[in-house]
file entry.cif (mmCIF, C-alpha atoms)
data_work
loop_
_atom_site.label_atom_id
_atom_site.label_comp_id
_atom_site.auth_asym_id
_atom_site.auth_seq_id
_atom_site.Cartn_x
_atom_site.Cartn_y
_atom_site.Cartn_z
CA MET A 675 -9.07 -13.61 7.17
CA ALA A 676 -11.71 -10.88 7.55
CA LYS A 677 -11.47 -7.82 5.29
CA ILE A 678 -8.91 -9.47 3.04
CA LYS A 679 -8.88 -7.88 -0.41
CA ALA A 680 -5.80 -9.39 -2.08
CA PHE A 681 -3.74 -12.56 -2.25
CA ILE A 682 -0.04 -12.33 -3.08
CA PHE A 683 1.52 -15.55 -4.39
CA ASP A 684 5.08 -16.68 -4.72
CA MET A 685 5.55 -18.59 -7.99
CA ASP A 686 8.25 -21.30 -8.04
CA GLY A 687 7.36 -24.05 -5.59
CA THR A 688 4.14 -22.34 -4.50
CA LEU A 689 2.06 -22.23 -7.69
CA LEU A 690 4.33 -24.08 -10.11
CA ASP A 691 6.20 -27.35 -9.61
CA THR A 692 9.54 -25.92 -10.74
CA GLU A 693 11.70 -26.13 -7.62
CA ARG A 694 12.55 -29.82 -8.14
CA LEU A 695 13.56 -29.05 -11.71
CA SER A 696 15.71 -26.15 -10.52
CA THR A 697 17.54 -28.41 -8.06
CA ILE A 698 18.12 -31.05 -10.75
CA SER A 699 19.37 -28.33 -13.11
CA TRP A 700 21.89 -27.11 -10.53
CA GLN A 701 23.05 -30.70 -10.02
CA GLU A 702 23.58 -31.11 -13.75
CA GLY A 703 25.50 -27.83 -13.86
CA ALA A 704 27.69 -28.94 -10.98
CA LYS A 705 28.51 -32.21 -12.77
CA LYS A 706 29.62 -30.36 -15.88
CA MET A 707 31.85 -28.06 -13.84
CA GLY A 708 33.25 -30.88 -11.74
CA PHE A 709 32.26 -29.69 -8.27
CA LYS A 710 30.08 -31.10 -5.52
CA LEU A 711 26.81 -29.29 -5.03
CA ASP A 712 25.97 -28.53 -1.41
CA ASP A 713 22.27 -29.40 -1.54
CA ASP A 714 21.46 -28.03 1.92
CA PHE A 715 22.97 -24.70 0.97
CA MET A 716 21.05 -24.59 -2.30
CA LEU A 717 17.80 -25.22 -0.41
CA SER A 718 18.63 -22.41 2.01
CA ILE A 719 18.78 -19.76 -0.76
CA LYS A 720 15.52 -20.75 -2.44
CA GLY A 721 13.14 -17.81 -2.47
CA THR A 722 15.89 -15.20 -2.87
CA ASN A 723 16.51 -13.20 -6.04
CA GLN A 724 19.48 -13.76 -8.33
CA SER A 725 21.74 -11.01 -6.99
CA HIS A 726 21.30 -12.19 -3.40
CA ALA A 727 21.74 -15.84 -4.39
CA LYS A 728 24.91 -14.93 -6.29
CA ALA A 729 26.42 -13.14 -3.28
CA LEU A 730 25.66 -16.07 -0.97
CA PHE A 731 26.86 -18.65 -3.51
CA ASP A 732 30.18 -16.92 -4.15
CA GLU A 733 30.72 -16.49 -0.40
CA HIS A 734 29.84 -20.13 0.34
CA TYR A 735 32.09 -21.54 -2.40
CA HIS A 736 34.79 -18.89 -1.90
CA GLY A 737 34.56 -17.86 -5.54
CA HIS A 738 35.40 -21.31 -6.94
CA PRO A 739 33.26 -22.06 -8.89
CA LYS A 740 31.72 -18.70 -9.58
CA PHE A 741 27.95 -18.39 -9.52
CA ASP A 742 27.74 -16.86 -12.99
CA ASP A 743 29.70 -19.74 -14.54
CA ALA A 744 27.64 -22.41 -12.80
CA LYS A 745 24.41 -20.59 -13.68
CA VAL A 746 25.18 -20.90 -17.41
CA TYR A 747 25.09 -24.70 -17.20
CA ARG A 748 22.12 -24.68 -14.84
CA ASN A 749 20.13 -22.46 -17.21
CA GLU A 750 21.07 -24.54 -20.24
CA TYR A 751 19.49 -27.63 -18.68
CA PHE A 752 16.57 -25.81 -17.07
CA PHE A 753 15.38 -23.83 -20.08
CA ASN A 754 15.87 -26.72 -22.49
CA TYR A 755 13.58 -28.76 -20.26
CA ILE A 756 10.80 -26.20 -19.91
CA ARG A 757 10.80 -25.52 -23.65
CA ASN A 758 10.11 -29.18 -24.32
CA HIS A 759 7.95 -30.29 -21.40
CA ASP A 760 4.78 -29.24 -19.63
CA ILE A 761 5.30 -27.64 -16.22
CA PRO A 762 2.66 -28.71 -13.67
CA VAL A 763 0.61 -26.21 -11.70
CA LEU A 764 0.64 -27.50 -8.14
CA LYS A 765 -2.37 -29.29 -6.69
CA GLY A 766 -5.36 -26.97 -6.37
CA GLY A 767 -3.58 -24.01 -7.96
CA ARG A 768 -5.87 -23.42 -10.92
CA GLU A 769 -8.97 -24.00 -8.83
CA LEU A 770 -7.78 -21.59 -6.13
CA LEU A 771 -6.93 -18.85 -8.61
CA SER A 772 -10.32 -19.30 -10.32
CA TYR A 773 -12.12 -19.10 -6.98
CA LEU A 774 -10.30 -15.92 -5.97
CA LYS A 775 -10.99 -14.30 -9.34
CA GLU A 776 -14.67 -15.24 -9.21
CA ASN A 777 -14.95 -13.79 -5.71
CA LYS A 778 -13.38 -10.45 -6.70
CA TYR A 779 -10.13 -10.76 -4.77
CA LEU A 780 -7.10 -9.02 -6.27
CA ILE A 781 -4.43 -11.56 -7.23
CA CYS A 782 -0.76 -10.62 -7.24
CA LEU A 783 2.38 -12.53 -8.17
CA ALA A 784 5.55 -11.75 -6.19
CA THR A 785 8.39 -13.88 -7.49
CA SER A 786 12.13 -13.65 -6.95
CA SER A 787 12.60 -14.84 -10.54
CA GLY A 788 13.20 -12.36 -13.36
CA ARG A 789 10.34 -10.90 -15.41
CA ALA A 790 11.20 -12.53 -18.75
CA TYR A 791 11.20 -16.04 -17.26
CA SER A 792 8.18 -15.35 -15.04
CA GLU A 793 6.04 -14.15 -17.93
CA TYR A 794 7.15 -17.04 -20.12
CA ILE A 795 6.40 -19.76 -17.58
CA THR A 796 3.08 -18.33 -16.37
CA LYS A 797 1.89 -17.92 -19.96
CA LYS A 798 3.07 -21.43 -20.84
CA THR A 799 1.14 -22.89 -17.90
CA GLY A 800 -1.91 -20.72 -18.59
CA ILE A 801 -2.07 -18.95 -15.23
CA TYR A 802 -0.83 -15.53 -16.39
CA PRO A 803 -4.33 -14.05 -16.99
CA PHE A 804 -5.29 -14.57 -13.34
CA PHE A 805 -2.84 -11.95 -12.06
CA ASP A 806 -3.85 -8.34 -11.59
CA TYR A 807 -0.30 -7.33 -10.70
CA VAL A 808 3.10 -8.98 -11.14
CA VAL A 809 6.31 -7.93 -9.36
CA CYS A 810 9.53 -9.82 -10.14
CA GLY A 811 12.91 -10.10 -8.48
CA ASP A 812 14.58 -7.79 -10.97
CA GLN A 813 12.13 -4.99 -10.13
CA VAL A 814 13.10 -4.58 -6.47
CA LYS A 815 16.52 -4.00 -4.92
CA GLU A 816 16.00 -6.04 -1.77
CA SER A 817 15.48 -9.80 -1.81
CA LYS A 818 13.31 -11.98 0.42
CA PRO A 819 13.41 -12.17 3.45
CA ASN A 820 13.16 -8.40 2.99
CA PRO A 821 9.43 -7.67 2.43
CA ALA A 822 10.02 -5.15 -0.40
CA ILE A 823 8.48 -7.31 -3.14
CA PHE A 824 5.29 -7.91 -1.15
CA LEU A 825 5.02 -4.27 -0.16
CA LYS A 826 5.35 -3.31 -3.83
CA CYS A 827 2.48 -5.64 -4.72
CA ALA A 828 0.32 -4.13 -1.99
CA GLU A 829 1.17 -0.64 -3.21
CA LEU A 830 0.18 -1.49 -6.80
CA ALA A 831 -3.04 -3.13 -5.63
CA HIS A 832 -3.85 -0.16 -3.35
CA VAL A 833 -4.30 -2.40 -0.30
CA SER A 834 -2.67 -2.29 3.12
CA ASN A 835 -0.61 -5.16 4.49
CA LYS A 836 -3.54 -5.96 6.80
CA GLU A 837 -5.75 -6.46 3.74
CA ALA A 838 -3.45 -8.90 1.93
CA VAL A 839 -2.46 -12.54 2.36
CA VAL A 840 0.98 -13.78 1.31
CA VAL A 841 1.16 -17.41 0.14
CA GLU A 842 4.67 -18.92 0.26
CA ASP A 843 6.55 -22.23 0.27
CA SER A 844 9.99 -21.17 1.59
CA LEU A 845 11.42 -19.97 4.88
CA ASN A 846 12.81 -16.86 3.18
CA GLY A 847 9.41 -16.09 1.70
CA VAL A 848 7.61 -16.64 4.99
CA LYS A 849 10.08 -14.36 6.76
CA ALA A 850 9.47 -11.67 4.13
CA GLY A 851 5.73 -11.89 4.63
CA ARG A 852 6.03 -11.60 8.39
CA ASN A 853 8.58 -8.79 8.12
CA GLY A 854 6.00 -6.88 6.10
CA ASN A 855 3.26 -7.59 8.68
CA PHE A 856 1.12 -9.55 6.20
CA THR A 857 -1.04 -12.53 7.00
CA VAL A 858 1.13 -15.44 5.86
CA VAL A 859 -0.03 -18.81 4.54
CA GLY A 860 2.61 -21.52 4.25
CA ILE A 861 2.39 -24.37 1.73
CA PRO A 862 5.42 -26.65 2.38
CA ASN A 863 6.98 -28.10 -0.78
CA VAL A 864 10.66 -28.54 -1.71
CA ALA A 865 12.30 -25.48 -0.14
CA ILE A 866 13.29 -25.41 3.51
CA PHE A 867 10.12 -25.24 5.59
CA ASN A 868 11.12 -26.02 9.16
CA ASP A 869 9.63 -25.36 12.60
CA GLU A 870 10.74 -21.73 12.37
CA ALA A 871 8.78 -21.29 9.15
CA ARG A 872 5.69 -22.90 10.64
CA LYS A 873 5.82 -20.68 13.71
CA ARG A 874 6.03 -17.57 11.55
CA CYS A 875 2.94 -18.52 9.50
CA ASN A 876 -0.60 -17.57 10.43
CA TYR A 877 -1.83 -20.67 8.61
CA VAL A 878 -0.15 -23.76 7.15
CA PHE A 879 -1.84 -26.04 4.62
CA ASP A 880 -0.59 -29.17 2.90
CA SER A 881 -1.67 -27.90 -0.51
CA LEU A 882 -3.32 -25.03 -2.35
CA LEU A 883 -6.40 -27.23 -2.57
CA ASP A 884 -6.59 -27.35 1.22
CA LEU A 885 -6.34 -23.55 1.33
CA LEU A 886 -9.18 -23.35 -1.21
CA ASN A 887 -11.36 -25.68 0.85
CA TYR A 888 -10.67 -23.56 3.94
CA LEU A 889 -11.70 -20.36 2.15
CA LYS A 890 -14.90 -21.94 0.88
CA LYS A 891 -15.91 -22.74 4.45
CA LYS A 892 -15.32 -19.19 5.73
#
call {"tool": "encode", "arguments": {"input": "entry.cif", "output": "structure tokens"}}
result
Amino acid sequence: MAKIKAFIFDMDGTLLDTERLSTISWQEGAKKMGFKLDDDFMLSIKGTNQSHAKALFDEHYHGHPKFDDAKVYRNEYFFNYIRNHDIPVLKGGRELLSYLKENKYLICLATSSGRAYSEYITKKTGIYPFFDYVVCGDQVKESKPNPAIFLKCAELAHVSNKEAVVVEDSLNGVKAGRNGNFTVVGIPNVAIFNDEARKRCNYVFDSLLDLLNYLKKK
């Protein structure tokens, strides 16, 4: 990782333990609407922004139920939960962000989630001050696996793709990093992270803590 100047992090499932909650919330929404949730399909769209997820959802379910209707029930459960419970930062996350900040790396957040939610949840968990730049899914037209969101972070940070590391937990996110010619670190969690994802990564670690320990040895 020579000459690296910036780290670009995905948020849900990479830094914050929110992907399990999201899946549970979709399941609760499906129950209220009386349809069976295709869990494998839901896993496959993790890492994409809302407009892309909506298009895939409506195509997969042939418009019945509609994504927007199901999302109302999903959001009701999800946001009620996060208002009333602590959301864990994943193992090693705070320590890694502190280490990067202390060692003068630029730290970027590139999340497919919208800005309002992203700011709320990162402030609630206390990690918001670590980020030098934040780019959210509603600020770019193209969704992961398109690299647009990572390229936007690099542009804001004034670094090239060769000078930045993308840290991701999903196949779509890993593809986006590789499509942008970034160094990609994979941290498998809840989203699909199969052999294809592993092959596309430059490095794979079991946790953010393992990534931190690796950097300390460099």
call {"tool": "closest_residue", "arguments": {"input": "entry.cif", "among": "A:Gly788, A:Gly708, A:Gly800, A:Gly766", "to": "Leu886 of chain A", "atoms": "only C-alpha atoms"}}
result
A:Gly766
call {"tool": "atom_distance", "arguments": {"input": "entry.cif", "atom1": "atom CA of Ile781 of chain A", "atom2": "atom CA of Val808 of chain A"}}
result
8.9 Å
call {"tool": "residues_around", "arguments": {"input": "entry.cif", "residues": "segment 709-717 of chain A", "least_positions_apart": "6", "cutoff": "9 Å", "atoms": "all atoms listed in the file", "output": "number ranges by chain"}}
result
A: 697, 700-701, 703, 731, 734, 739, 864-866
call {"tool": "atom_distance", "arguments": {"input": "entry.cif", "atom1": "atom CA of Val746 of chain A", "atom2": "atom CA of Lys849 of chain A"}}
result
29.2 Å
call {"tool": "atom_distance", "arguments": {"input": "entry.cif", "atom1": "atom CA of Pro762 of chain A", "atom2": "atom CA of Ser699 of chain A"}}
result
16.7 Å
call {"tool": "resolve_selection", "arguments": {"input": "entry.cif", "expression": "the PyMOL selection byres ((chain A and resi 741) around 9)", "output": "PyMOL selection string"}}
result
chain A and resi 727-729+731-732+735+737-740+742-746
call {"tool": "resolve_selection", "arguments": {"input": "entry.cif", "expression": "the PyMOL selection byres ((chain A and resi 861) around 8)", "output": "PyMOL selection string"}}
result
chain A and resi 688+841-843+859-860+862-863+878-882
call {"tool": "closest_residue", "arguments": {"input": "entry.cif", "among": "A:Ile719, A:Cys875, A:Leu780, A:Ile756", "to": "Ala831 of chain A", "atoms": "all atoms listed in the file"}}
result
A:Leu780
call {"tool": "decode", "arguments": {"input": "entry.cif", "residues": "segment 855-870 of chain A", "atoms": "N, CA, C and O atoms", "output": "CSV table (one decimal), in the first residue's frame"}}
result
chain,number,residue,atom,x,y,z
A,855,ASN,N,-10.4,1.2,-10.6
A,855,ASN,CA,-8.9,0.9,-10.5
A,855,ASN,C,-8.3,1.4,-9.2
A,855,ASN,O,-7.2,1.9,-9.1
A,856,PHE,N,-9.1,1.2,-8.1
A,856,PHE,CA,-8.6,1.5,-6.7
A,856,PHE,C,-8.0,0.2,-6.2
A,856,PHE,O,-8.3,-0.9,-6.6
A,857,THR,N,-7.2,0.3,-5.2
A,857,THR,CA,-6.8,-0.8,-4.3
A,857,THR,C,-8.0,-1.1,-3.5
A,857,THR,O,-8.6,-0.2,-2.9
A,858,VAL,N,-8.5,-2.4,-3.4
A,858,VAL,CA,-9.7,-2.8,-2.8
A,858,VAL,C,-9.4,-3.7,-1.6
A,858,VAL,O,-8.8,-4.8,-1.8
A,859,VAL,N,-9.9,-3.4,-0.4
A,859,VAL,CA,-9.9,-4.2,0.7
A,859,VAL,C,-11.3,-4.7,1.0
A,859,VAL,O,-12.2,-3.9,1.2
A,860,GLY,N,-11.4,-6.0,1.1
A,860,GLY,CA,-12.7,-6.6,1.4
A,860,GLY,C,-12.8,-7.1,2.9
A,860,GLY,O,-11.8,-7.7,3.4
A,861,ILE,N,-13.9,-6.7,3.5
A,861,ILE,CA,-14.2,-7.2,4.9
A,861,ILE,C,-15.5,-7.9,4.9
A,861,ILE,O,-16.6,-7.2,5.0
A,862,PRO,N,-15.6,-9.2,4.7
A,862,PRO,CA,-16.9,-9.9,4.6
A,862,PRO,C,-17.7,-9.7,5.8
A,862,PRO,O,-17.2,-9.8,6.9
A,863,ASN,N,-19.0,-9.6,5.6
A,863,ASN,CA,-20.0,-9.4,6.7
A,863,ASN,C,-21.3,-10.1,6.4
A,863,ASN,O,-21.3,-11.3,6.3
A,864,VAL,N,-22.3,-9.3,6.1
A,864,VAL,CA,-23.6,-9.9,5.8
A,864,VAL,C,-23.9,-10.0,4.4
A,864,VAL,O,-24.5,-11.0,3.9
A,865,ALA,N,-23.5,-9.0,3.6
A,865,ALA,CA,-23.8,-9.0,2.2
A,865,ALA,C,-23.1,-10.1,1.4
A,865,ALA,O,-22.1,-10.7,2.0
A,866,ILE,N,-23.5,-10.4,0.2
A,866,ILE,CA,-22.9,-11.4,-0.6
A,866,ILE,C,-21.4,-11.1,-0.7
A,866,ILE,O,-21.0,-10.0,-1.2
A,867,PHE,N,-20.5,-12.0,-0.3
A,867,PHE,CA,-19.1,-11.9,-0.5
A,867,PHE,C,-18.6,-13.3,-0.9
A,867,PHE,O,-18.1,-14.0,0.0
A,868,ASN,N,-18.7,-13.6,-2.1
A,868,ASN,CA,-18.3,-14.9,-2.6
A,868,ASN,C,-16.9,-15.0,-3.2
A,868,ASN,O,-16.1,-14.1,-3.0
A,869,ASP,N,-16.6,-16.1,-3.9
A,869,ASP,CA,-15.3,-16.2,-4.5
A,869,ASP,C,-15.0,-15.1,-5.5
A,869,ASP,O,-13.8,-14.7,-5.6
A,870,GLU,N,-16.0,-14.7,-6.2
A,870,GLU,CA,-15.8,-13.6,-7.2
A,870,GLU,C,-15.3,-12.3,-6.5
A,870,GLU,O,-14.4,-11.7,-6.9
